[in-house]
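Novice: See start-v4.cif below, with mmCIF, N, CA and C atoms and all ligand atoms.
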```cif
data_entry
#
loop_
_atom_site.group_PDB
_atom_site.id
_atom_site.type_symbol
_atom_site.label_atom_id
_atom_site.label_comp_id
_atom_site.auth_asym_id
_atom_site.auth_seq_id
_atom_site.Cartn_x
_atom_site.Cartn_y
_atom_site.Cartn_z
ATOM 1 N N MET O 243 165.879 47.960 33.470
ATOM 2 C CA MET O 243 164.903 49.047 33.527
ATOM 3 C C MET O 243 164.903 49.754 34.876
ATOM 4 N N LYS O 244 165.498 49.064 35.838
ATOM 5 C CA LYS O 244 165.490 49.665 37.171
ATOM 6 C C LYS O 244 166.210 51.004 37.184
ATOM 7 N N GLY O 245 167.321 51.030 36.405
ATOM 8 C CA GLY O 245 168.100 52.263 36.371
ATOM 9 C C GLY O 245 167.277 53.446 35.882
ATOM 10 N N ILE O 246 166.541 53.186 34.826
ATOM 11 C CA ILE O 246 165.746 54.288 34.252
ATOM 12 C C ILE O 246 164.682 54.755 35.237
ATOM 13 N N ALA O 247 164.063 53.770 35.910
ATOM 14 C CA ALA O 247 163.041 54.125 36.885
ATOM 15 C C ALA O 247 163.629 55.005 37.976
ATOM 16 N N ALA O 248 164.835 54.642 38.410
ATOM 17 C CA ALA O 248 165.476 55.437 39.454
ATOM 18 C C ALA O 248 165.747 56.848 38.966
ATOM 19 N N VAL O 249 166.209 56.920 37.717
ATOM 20 C CA VAL O 249 166.483 58.250 37.160
ATOM 21 C C VAL O 249 165.203 59.072 37.082
ATOM 22 N N LEU O 250 164.135 58.419 36.616
ATOM 23 C CA LEU O 250 162.860 59.134 36.510
ATOM 24 C C LEU O 250 162.390 59.604 37.875
ATOM 25 N N ALA O 251 162.568 58.680 38.870
ATOM 26 C CA ALA O 251 162.122 59.026 40.213
ATOM 27 C C ALA O 251 162.914 60.211 40.754
ATOM 28 N N SER O 252 164.234 60.146 40.567
ATOM 29 C CA SER O 252 165.034 61.242 41.085
ATOM 30 C C SER O 252 164.732 62.527 40.320
ATOM 31 N N ALA O 253 164.451 62.398 39.024
ATOM 32 C CA ALA O 253 164.082 63.575 38.242
ATOM 33 C C ALA O 253 162.803 64.180 38.791
ATOM 34 N N ALA O 254 161.873 63.309 39.167
ATOM 35 C CA ALA O 254 160.613 63.795 39.714
ATOM 36 C C ALA O 254 160.856 64.522 41.022
ATOM 37 N N ILE O 255 161.757 63.959 41.819
ATOM 38 C CA ILE O 255 162.062 64.597 43.101
ATOM 39 C C ILE O 255 162.684 65.978 42.877
ATOM 40 N N VAL O 256 163.606 66.018 41.924
ATOM 41 C CA VAL O 256 164.236 67.299 41.617
ATOM 42 C C VAL O 256 163.188 68.309 41.158
ATOM 43 N N ALA O 257 162.294 67.832 40.279
ATOM 44 C CA ALA O 257 161.244 68.726 39.778
ATOM 45 C C ALA O 257 160.389 69.221 40.931
ATOM 46 N N ALA O 258 160.053 68.294 41.834
ATOM 47 C CA ALA O 258 159.232 68.685 42.980
ATOM 48 C C ALA O 258 159.967 69.718 43.830
ATOM 49 N N GLY O 259 161.281 69.444 44.007
ATOM 50 C CA GLY O 259 162.073 70.397 44.780
ATOM 51 C C GLY O 259 162.084 71.769 44.133
ATOM 52 N N ALA O 260 162.215 71.794 42.811
ATOM 53 C CA ALA O 260 162.220 73.064 42.104
ATOM 54 C C ALA O 260 160.886 73.780 42.283
ATOM 55 N N ALA O 261 159.820 72.997 42.219
ATOM 56 C CA ALA O 261 158.503 73.591 42.394
ATOM 57 C C ALA O 261 158.379 74.182 43.789
ATOM 58 N N MET O 262 158.877 73.452 44.783
ATOM 59 C CA MET O 262 158.832 73.956 46.150
ATOM 60 C C MET O 262 159.612 75.261 46.260
ATOM 61 N N ALA O 263 160.801 75.257 45.623
ATOM 62 C CA ALA O 263 161.634 76.445 45.690
ATOM 63 C C ALA O 263 160.921 77.635 45.051
ATOM 64 N N GLN O 264 160.222 77.378 43.983
ATOM 65 C CA GLN O 264 159.522 78.477 43.309
ATOM 66 C C GLN O 264 158.365 79.003 44.146
ATOM 67 N N ASP O 265 157.848 78.147 45.012
ATOM 68 C CA ASP O 265 156.736 78.602 45.836
ATOM 69 C C ASP O 265 157.169 79.558 46.938
ATOM 70 N N GLU O 266 158.449 79.604 47.211
ATOM 71 C CA GLU O 266 158.874 80.309 48.416
ATOM 72 C C GLU O 266 158.498 81.784 48.487
ATOM 73 N N PRO O 267 158.767 82.550 47.462
ATOM 74 C CA PRO O 267 158.340 83.963 47.582
ATOM 75 C C PRO O 267 156.832 84.076 47.609
ATOM 76 N N LYS O 268 156.294 84.221 48.790
ATOM 77 C CA LYS O 268 154.833 84.245 48.914
ATOM 78 C C LYS O 268 154.291 85.612 48.515
ATOM 79 N N PRO O 269 153.111 85.608 48.022
ATOM 80 C CA PRO O 269 152.476 86.912 47.750
ATOM 81 C C PRO O 269 152.292 87.706 49.039
ATOM 82 N N VAL O 270 152.608 88.932 49.010
ATOM 83 C CA VAL O 270 152.616 89.750 50.217
ATOM 84 C C VAL O 270 151.211 90.173 50.615
ATOM 85 N N THR O 271 150.280 89.946 49.734
ATOM 86 C CA THR O 271 148.939 90.469 49.974
ATOM 87 C C THR O 271 148.214 89.764 51.113
ATOM 88 N N ASP O 272 148.825 88.671 51.631
ATOM 89 C CA ASP O 272 148.132 87.925 52.679
ATOM 90 C C ASP O 272 148.089 88.691 53.999
ATOM 91 N N THR O 273 149.230 89.194 54.417
ATOM 92 C CA THR O 273 149.318 89.767 55.751
ATOM 93 C C THR O 273 148.573 91.101 55.849
ATOM 94 N N THR O 274 148.880 91.991 54.944
ATOM 95 C CA THR O 274 148.205 93.287 55.002
ATOM 96 C C THR O 274 146.813 93.204 54.433
ATOM 97 N N GLN O 275 145.906 93.862 55.060
ATOM 98 C CA GLN O 275 144.535 93.835 54.581
ATOM 99 C C GLN O 275 144.417 94.631 53.289
ATOM 100 N N PRO O 276 143.601 94.130 52.388
ATOM 101 C CA PRO O 276 143.354 94.917 51.172
ATOM 102 C C PRO O 276 142.649 96.216 51.534
ATOM 103 N N THR O 277 142.704 97.168 50.627
ATOM 104 C CA THR O 277 142.108 98.474 50.888
ATOM 105 C C THR O 277 140.637 98.318 51.205
ATOM 106 N N THR O 278 140.324 98.514 52.458
ATOM 107 C CA THR O 278 138.946 98.338 52.884
ATOM 108 C C THR O 278 138.132 99.589 52.556
ATOM 109 N N PRO O 279 137.014 99.408 51.921
ATOM 110 C CA PRO O 279 136.156 100.574 51.641
ATOM 111 C C PRO O 279 135.456 101.041 52.904
ATOM 112 N N SER O 280 136.218 101.646 53.784
ATOM 113 C CA SER O 280 135.649 102.060 55.067
ATOM 114 C C SER O 280 134.692 103.229 54.880
ATOM 115 N N GLN O 281 134.999 104.077 53.894
ATOM 116 C CA GLN O 281 134.115 105.206 53.644
ATOM 117 C C GLN O 281 133.069 104.804 52.622
ATOM 118 N N SER O 282 131.850 104.745 53.059
ATOM 119 C CA SER O 282 130.790 104.283 52.178
ATOM 120 C C SER O 282 130.447 105.325 51.119
ATOM 121 N N MET O 283 130.624 106.601 51.454
ATOM 122 C CA MET O 283 130.311 107.630 50.481
ATOM 123 C C MET O 283 131.458 107.748 49.483
ATOM 124 N N PRO O 284 131.175 107.586 48.193
ATOM 125 C CA PRO O 284 132.253 107.585 47.209
ATOM 126 C C PRO O 284 132.847 108.952 46.956
ATOM 127 N N GLN O 285 132.047 109.977 46.904
ATOM 128 C CA GLN O 285 132.563 111.267 46.457
ATOM 129 C C GLN O 285 132.736 112.269 47.583
ATOM 130 N N GLN O 286 131.767 112.387 48.464
ATOM 131 C CA GLN O 286 131.801 113.469 49.434
ATOM 132 C C GLN O 286 132.825 113.155 50.500
ATOM 133 N N SER O 287 133.971 113.767 50.415
ATOM 134 C CA SER O 287 135.068 113.450 51.305
ATOM 135 C C SER O 287 135.456 114.658 52.142
ATOM 136 N N GLY O 288 134.489 115.209 52.831
ATOM 137 C CA GLY O 288 134.786 116.249 53.797
ATOM 138 C C GLY O 288 135.466 117.477 53.251
ATOM 139 N N GLU O 289 135.419 117.656 51.944
ATOM 140 C CA GLU O 289 136.010 118.852 51.371
ATOM 141 C C GLU O 289 135.151 120.064 51.731
ATOM 142 N N THR O 290 135.757 121.212 51.699
ATOM 143 C CA THR O 290 135.012 122.428 51.999
ATOM 144 C C THR O 290 134.299 122.935 50.754
ATOM 145 N N MET O 291 133.665 122.018 50.094
ATOM 146 C CA MET O 291 132.933 122.363 48.881
ATOM 147 C C MET O 291 131.451 122.382 49.206
ATOM 148 N N GLN O 292 130.886 123.559 49.197
ATOM 149 C CA GLN O 292 129.482 123.645 49.530
ATOM 150 C C GLN O 292 128.706 124.230 48.358
ATOM 151 N N VAL O 293 128.457 123.337 47.397
ATOM 152 C CA VAL O 293 127.686 123.746 46.238
ATOM 153 C C VAL O 293 126.227 123.426 46.510
ATOM 154 N N PRO O 294 125.356 124.384 46.375
ATOM 155 C CA PRO O 294 123.943 124.130 46.645
ATOM 156 C C PRO O 294 123.354 123.190 45.601
ATOM 157 N N THR O 295 122.318 122.507 45.984
ATOM 158 C CA THR O 295 121.632 121.667 45.011
ATOM 159 C C THR O 295 120.824 122.542 44.067
ATOM 160 N N LEU O 296 120.455 121.959 42.950
ATOM 161 C CA LEU O 296 119.619 122.693 42.003
ATOM 162 C C LEU O 296 118.336 123.152 42.684
ATOM 163 N N ASP O 297 117.753 122.273 43.462
ATOM 164 C CA ASP O 297 116.488 122.617 44.109
ATOM 165 C C ASP O 297 116.648 123.760 45.103
ATOM 166 N N ALA O 298 117.826 123.814 45.733
ATOM 167 C CA ALA O 298 118.052 124.898 46.683
ATOM 168 C C ALA O 298 118.120 126.247 45.981
ATOM 169 N N LEU O 299 118.671 126.257 44.799
ATOM 170 C CA LEU O 299 118.797 127.525 44.061
ATOM 171 C C LEU O 299 117.541 127.858 43.260
ATOM 172 N N ASP O 300 116.767 126.833 42.957
ATOM 173 C CA ASP O 300 115.627 127.018 42.054
ATOM 174 C C ASP O 300 114.458 127.663 42.810
ATOM 175 N N LYS O 301 114.546 128.973 42.930
ATOM 176 C CA LYS O 301 113.593 129.692 43.778
ATOM 177 C C LYS O 301 112.164 129.602 43.255
ATOM 178 N N ASP O 302 112.014 129.640 41.947
ATOM 179 C CA ASP O 302 110.649 129.600 41.411
ATOM 180 C C ASP O 302 110.214 128.174 41.041
ATOM 181 N N HIS O 303 111.066 127.224 41.367
ATOM 182 C CA HIS O 303 110.718 125.805 41.211
ATOM 183 C C HIS O 303 110.258 125.453 39.802
ATOM 184 N N ASP O 304 110.915 126.022 38.825
ATOM 185 C CA ASP O 304 110.574 125.630 37.462
ATOM 186 C C ASP O 304 111.509 124.544 36.936
ATOM 187 N N GLY O 305 112.402 124.083 37.790
ATOM 188 C CA GLY O 305 113.307 123.008 37.392
ATOM 189 C C GLY O 305 114.554 123.504 36.689
ATOM 190 N N PHE O 306 114.686 124.811 36.560
ATOM 191 C CA PHE O 306 115.866 125.384 35.921
ATOM 192 C C PHE O 306 116.482 126.440 36.823
ATOM 193 N N ILE O 307 117.762 126.630 36.631
ATOM 194 C CA ILE O 307 118.439 127.706 37.337
ATOM 195 C C ILE O 307 118.643 128.853 36.355
ATOM 196 N N SER O 308 117.948 129.927 36.599
ATOM 197 C CA SER O 308 118.155 131.114 35.765
ATOM 198 C C SER O 308 119.423 131.813 36.211
ATOM 199 N N SER O 309 119.848 132.771 35.407
ATOM 200 C CA SER O 309 121.065 133.496 35.793
ATOM 201 C C SER O 309 120.826 134.254 37.093
ATOM 202 N N THR O 310 119.601 134.718 37.293
ATOM 203 C CA THR O 310 119.265 135.392 38.544
ATOM 204 C C THR O 310 119.398 134.440 39.722
ATOM 205 N N GLU O 311 118.838 133.252 39.561
ATOM 206 C CA GLU O 311 118.922 132.270 40.641
ATOM 207 C C GLU O 311 120.368 131.847 40.885
ATOM 208 N N ALA O 312 121.124 131.718 39.806
ATOM 209 C CA ALA O 312 122.532 131.346 39.949
ATOM 210 C C ALA O 312 123.305 132.389 40.734
ATOM 211 N N GLY O 313 122.783 133.642 40.696
ATOM 212 C CA GLY O 313 123.488 134.720 41.368
ATOM 213 C C GLY O 313 123.602 134.523 42.865
ATOM 214 N N SER O 314 122.757 133.702 43.446
ATOM 215 C CA SER O 314 122.839 133.499 44.889
ATOM 216 C C SER O 314 123.956 132.540 45.278
ATOM 217 N N SER O 315 124.589 131.928 44.285
ATOM 218 C CA SER O 315 125.783 131.128 44.562
ATOM 219 C C SER O 315 126.894 131.614 43.637
ATOM 220 N N LYS O 316 127.910 132.188 44.219
ATOM 221 C CA LYS O 316 128.928 132.757 43.331
ATOM 222 C C LYS O 316 129.697 131.661 42.600
ATOM 223 N N ASP O 317 129.727 130.490 43.178
ATOM 224 C CA ASP O 317 130.361 129.369 42.478
ATOM 225 C C ASP O 317 129.594 129.017 41.210
ATOM 226 N N ILE O 318 128.289 128.885 41.381
ATOM 227 C CA ILE O 318 127.461 128.563 40.221
ATOM 228 C C ILE O 318 127.496 129.703 39.211
ATOM 229 N N ALA O 319 127.385 130.917 39.720
ATOM 230 C CA ALA O 319 127.392 132.072 38.824
ATOM 231 C C ALA O 319 128.670 132.130 38.006
ATOM 232 N N SER O 320 129.774 131.729 38.622
ATOM 233 C CA SER O 320 131.061 131.852 37.937
ATOM 234 C C SER O 320 131.178 130.881 36.765
ATOM 235 N N VAL O 321 130.408 129.805 36.791
ATOM 236 C CA VAL O 321 130.492 128.836 35.689
ATOM 237 C C VAL O 321 129.193 128.791 34.890
ATOM 238 N N PHE O 322 128.299 129.718 35.211
ATOM 239 C CA PHE O 322 126.958 129.660 34.615
ATOM 240 C C PHE O 322 127.010 129.651 33.093
ATOM 241 N N THR O 323 127.711 130.601 32.525
ATOM 242 C CA THR O 323 127.750 130.732 31.066
ATOM 243 C C THR O 323 128.365 129.498 30.422
ATOM 244 N N GLU O 324 129.432 129.027 31.078
ATOM 245 C CA GLU O 324 130.115 127.849 30.533
ATOM 246 C C GLU O 324 129.235 126.611 30.621
ATOM 247 N N ALA O 325 128.490 126.512 31.717
ATOM 248 C CA ALA O 325 127.678 125.317 31.934
ATOM 249 C C ALA O 325 126.411 125.329 31.096
ATOM 250 N N ASP O 326 125.984 126.517 30.670
ATOM 251 C CA ASP O 326 124.747 126.617 29.902
ATOM 252 C C ASP O 326 125.005 126.178 28.466
ATOM 253 N N ALA O 327 125.005 124.875 28.277
ATOM 254 C CA ALA O 327 125.464 124.307 27.006
ATOM 255 C C ALA O 327 124.598 124.759 25.843
ATOM 256 N N ASP O 328 123.297 124.858 26.034
ATOM 257 C CA ASP O 328 122.432 125.238 24.913
ATOM 258 C C ASP O 328 122.156 126.744 24.881
ATOM 259 N N LYS O 329 122.826 127.472 25.740
ATOM 260 C CA LYS O 329 122.780 128.943 25.722
ATOM 261 C C LYS O 329 121.356 129.484 25.777
ATOM 262 N N ASN O 330 120.526 128.853 26.573
ATOM 263 C CA ASN O 330 119.168 129.375 26.693
ATOM 264 C C ASN O 330 119.008 130.209 27.962
ATOM 265 N N GLY O 331 120.092 130.507 28.595
ATOM 266 C CA GLY O 331 120.052 131.423 29.721
ATOM 267 C C GLY O 331 119.647 130.789 31.030
ATOM 268 N N LYS O 332 119.517 129.492 31.063
ATOM 269 C CA LYS O 332 119.219 128.799 32.313
ATOM 270 C C LYS O 332 119.815 127.394 32.286
ATOM 271 N N LEU O 333 120.007 126.857 33.448
ATOM 272 C CA LEU O 333 120.621 125.536 33.562
ATOM 273 C C LEU O 333 119.563 124.500 33.883
ATOM 274 N N ASP O 334 119.482 123.479 33.055
ATOM 275 C CA ASP O 334 118.651 122.344 33.442
ATOM 276 C C ASP O 334 119.479 121.410 34.330
ATOM 277 N N ARG O 335 118.907 120.285 34.695
ATOM 278 C CA ARG O 335 119.611 119.423 35.664
ATOM 279 C C ARG O 335 120.932 118.909 35.115
ATOM 280 N N MET O 336 120.931 118.574 33.837
ATOM 281 C CA MET O 336 122.173 118.104 33.226
ATOM 282 C C MET O 336 123.239 119.195 33.253
ATOM 283 N N GLU O 337 122.809 120.379 32.863
ATOM 284 C CA GLU O 337 123.759 121.493 32.818
ATOM 285 C C GLU O 337 124.218 121.863 34.230
ATOM 286 N N TYR O 338 123.290 121.772 35.155
ATOM 287 C CA TYR O 338 123.645 122.097 36.535
ATOM 288 C C TYR O 338 124.662 121.097 37.082
ATOM 289 N N ALA O 339 124.431 119.816 36.755
ATOM 290 C CA ALA O 339 125.397 118.790 37.173
ATOM 291 C C ALA O 339 126.767 119.078 36.570
ATOM 292 N N ASN O 340 126.747 119.534 35.325
ATOM 293 C CA ASN O 340 128.002 119.892 34.677
ATOM 294 C C ASN O 340 128.640 121.108 35.348
ATOM 295 N N ALA O 341 127.795 122.049 35.749
ATOM 296 C CA ALA O 341 128.306 123.231 36.441
ATOM 297 C C ALA O 341 129.037 122.820 37.720
ATOM 298 N N ILE O 342 128.457 121.891 38.443
ATOM 299 C CA ILE O 342 129.095 121.427 39.686
ATOM 300 C C ILE O 342 130.428 120.770 39.369
ATOM 301 N N LYS O 343 130.453 120.010 38.269
ATOM 302 C CA LYS O 343 131.729 119.399 37.864
ATOM 303 C C LYS O 343 132.769 120.472 37.560
ATOM 304 N N LEU O 344 132.332 121.509 36.890
ATOM 305 C CA LEU O 344 133.253 122.593 36.544
ATOM 306 C C LEU O 344 133.799 123.252 37.821
ATOM 307 N N ILE O 345 132.915 123.425 38.779
ATOM 308 C CA ILE O 345 133.333 124.064 40.034
ATOM 309 C C ILE O 345 134.321 123.178 40.786
ATOM 310 N N GLN O 346 133.988 121.910 40.824
ATOM 311 C CA GLN O 346 134.791 120.998 41.636
ATOM 312 C C GLN O 346 136.018 120.494 40.883
ATOM 313 N N GLY O 347 136.141 120.890 39.624
ATOM 314 C CA GLY O 347 137.315 120.521 38.838
ATOM 315 C C GLY O 347 137.340 119.058 38.573
HETATM 316 CA CA CA J 1 114.210 128.466 38.417
HETATM 317 CA CA CA J 2 120.644 125.658 29.284
#
```
Here is the file; what I need is its structure written in the form of structure tokens.
Ligand SMILES: [Ca+2]
Ligand SMILES: [Ca+2]
Specialist:
Amino acid sequence: MKGIAAVLASAAIVAAGAAMAQDEPKPVTDTTQPTTPSQSMPQQSGETMQVPTLDALDKDHDGFISSTEAGSSKDIASVFTEADADKNGKLDRMEYANAIKLIQG
């Protein structure tokens, strides 16, 4: 039985060696730092996009942007009709948010 034990032992050594060999290519992610979220603000990235807030345009403070109010921002005015989903001639907050999306692509 000694022979078999020796064979098993050497087989184990070979297996261990193979395992060691497989370990060699290390994952590269150790040395370089993962993408650090250094910028805490997710969206506003210094672009020259200056879209006014709804409140800034809402001159009569009724919570909606009328076409007249939209006229003070040519960006908003340019997407006003498209953003006015229910075609009531004014943008509510949802529609206004959509208008900004349309502007910012
Ligand atoms: Ca208004
Ligand atoms: Ca509307």
Novice: Could you write out as a list in words the residues that the PyMOL selection byres (((not hetatm)) within 6 of (chain J and resi 2)) matches in the shown file?
Specialist: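 For this structure, the PyMOL selection byres (((not hetatm)) within 6 of (chain J and resi 2)) captures Asp326, Ala327, Asp328, Lys329, Asn330, Gly331, Lys332, Leu333 and Asp334 of chain O.
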Novice: When the PyMOL selection byres (((not hetatm)) within 7 of (chain J and resi 1)) is applied to the file above, which residues end up in the set, as number ranges by chain?
Specialist: O: 299-308, 311
Novice: If you keep N, CA and C atoms, can you produce a file of those selected residues as a PDB file, in the frame of the given file?
Specialist:
```pdb
ATOM      1  N   LEU O 299     118.671 126.257  44.799  1.00  0.00           N
ATOM      2  CA  LEU O 299     118.797 127.525  44.061  1.00  0.00           C
ATOM      3  C   LEU O 299     117.541 127.858  43.260  1.00  0.00           C
ATOM      4  N   ASP O 300     116.767 126.833  42.957  1.00  0.00           N
ATOM      5  CA  ASP O 300     115.627 127.018  42.054  1.00  0.00           C
ATOM      6  C   ASP O 300     114.458 127.663  42.810  1.00  0.00           C
ATOM      7  N   LYS O 301     114.546 128.973  42.930  1.00  0.00           N
ATOM      8  CA  LYS O 301     113.593 129.692  43.778  1.00  0.00           C
ATOM      9  C   LYS O 301     112.164 129.602  43.255  1.00  0.00           C
ATOM     10  N   ASP O 302     112.014 129.640  41.947  1.00  0.00           N
ATOM     11  CA  ASP O 302     110.649 129.600  41.411  1.00  0.00           C
ATOM     12  C   ASP O 302     110.214 128.174  41.041  1.00  0.00           C
ATOM     13  N   HIS O 303     111.066 127.224  41.367  1.00  0.00           N
ATOM     14  CA  HIS O 303     110.718 125.805  41.211  1.00  0.00           C
ATOM     15  C   HIS O 303     110.258 125.453  39.802  1.00  0.00           C
ATOM     16  N   ASP O 304     110.915 126.022  38.825  1.00  0.00           N
ATOM     17  CA  ASP O 304     110.574 125.630  37.462  1.00  0.00           C
ATOM     18  C   ASP O 304     111.509 124.544  36.936  1.00  0.00           C
ATOM     19  N   GLY O 305     112.402 124.083  37.790  1.00  0.00           N
ATOM     20  CA  GLY O 305     113.307 123.008  37.392  1.00  0.00           C
ATOM     21  C   GLY O 305     114.554 123.504  36.689  1.00  0.00           C
ATOM     22  N   PHE O 306     114.686 124.811  36.560  1.00  0.00           N
ATOM     23  CA  PHE O 306     115.866 125.384  35.921  1.00  0.00           C
ATOM     24  C   PHE O 306     116.482 126.440  36.823  1.00  0.00           C
ATOM     25  N   ILE O 307     117.762 126.630  36.631  1.00  0.00           N
ATOM     26  CA  ILE O 307     118.439 127.706  37.337  1.00  0.00           C
ATOM     27  C   ILE O 307     118.643 128.853  36.355  1.00  0.00           C
ATOM     28  N   SER O 308     117.948 129.927  36.599  1.00  0.00           N
ATOM     29  CA  SER O 308     118.155 131.114  35.765  1.00  0.00           C
ATOM     30  C   SER O 308     119.423 131.813  36.211  1.00  0.00           C
ATOM     31  N   GLU O 311     118.838 133.252  39.561  1.00  0.00           N
ATOM     32  CA  GLU O 311     118.922 132.270  40.641  1.00  0.00           C
ATOM     33  C   GLU O 311     120.368 131.847  40.885  1.00  0.00           C
TER      34      GLU O 311
END
```
Novice: One decimal, in Å: what's the spacing between atom N of O:Leu250 and atom N of O:Asp265?
Specialist: 22.3 Å
Novice: Could you tell me how far atom CA of O:Tyr338 sits from atom N of O:Leu296, in Å to one decimal place?
Specialist: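 Straight-line distance from atom N of O:Leu296 to atom CA of O:Tyr338 works out to 7.2 Å.
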Novice: To one decimal place in Å, what is the distance between atom CA of O:Ile342 and atom C of O:Ala319?
Specialist: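 These atoms are spaced 10.8 Å apart.
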Novice: Kindly compute an axis-aligned box around the listed atoms of stretch 319-332 of chain O, allowing 5 Å on each side, and express its centre and edge lengths in Å to one decimal as JSON.
Specialist:
```
{"center_x": 125.1, "center_y": 128.2, "center_z": 32.3, "size_x": 22.2, "size_y": 17.8, "size_z": 24.8}
```
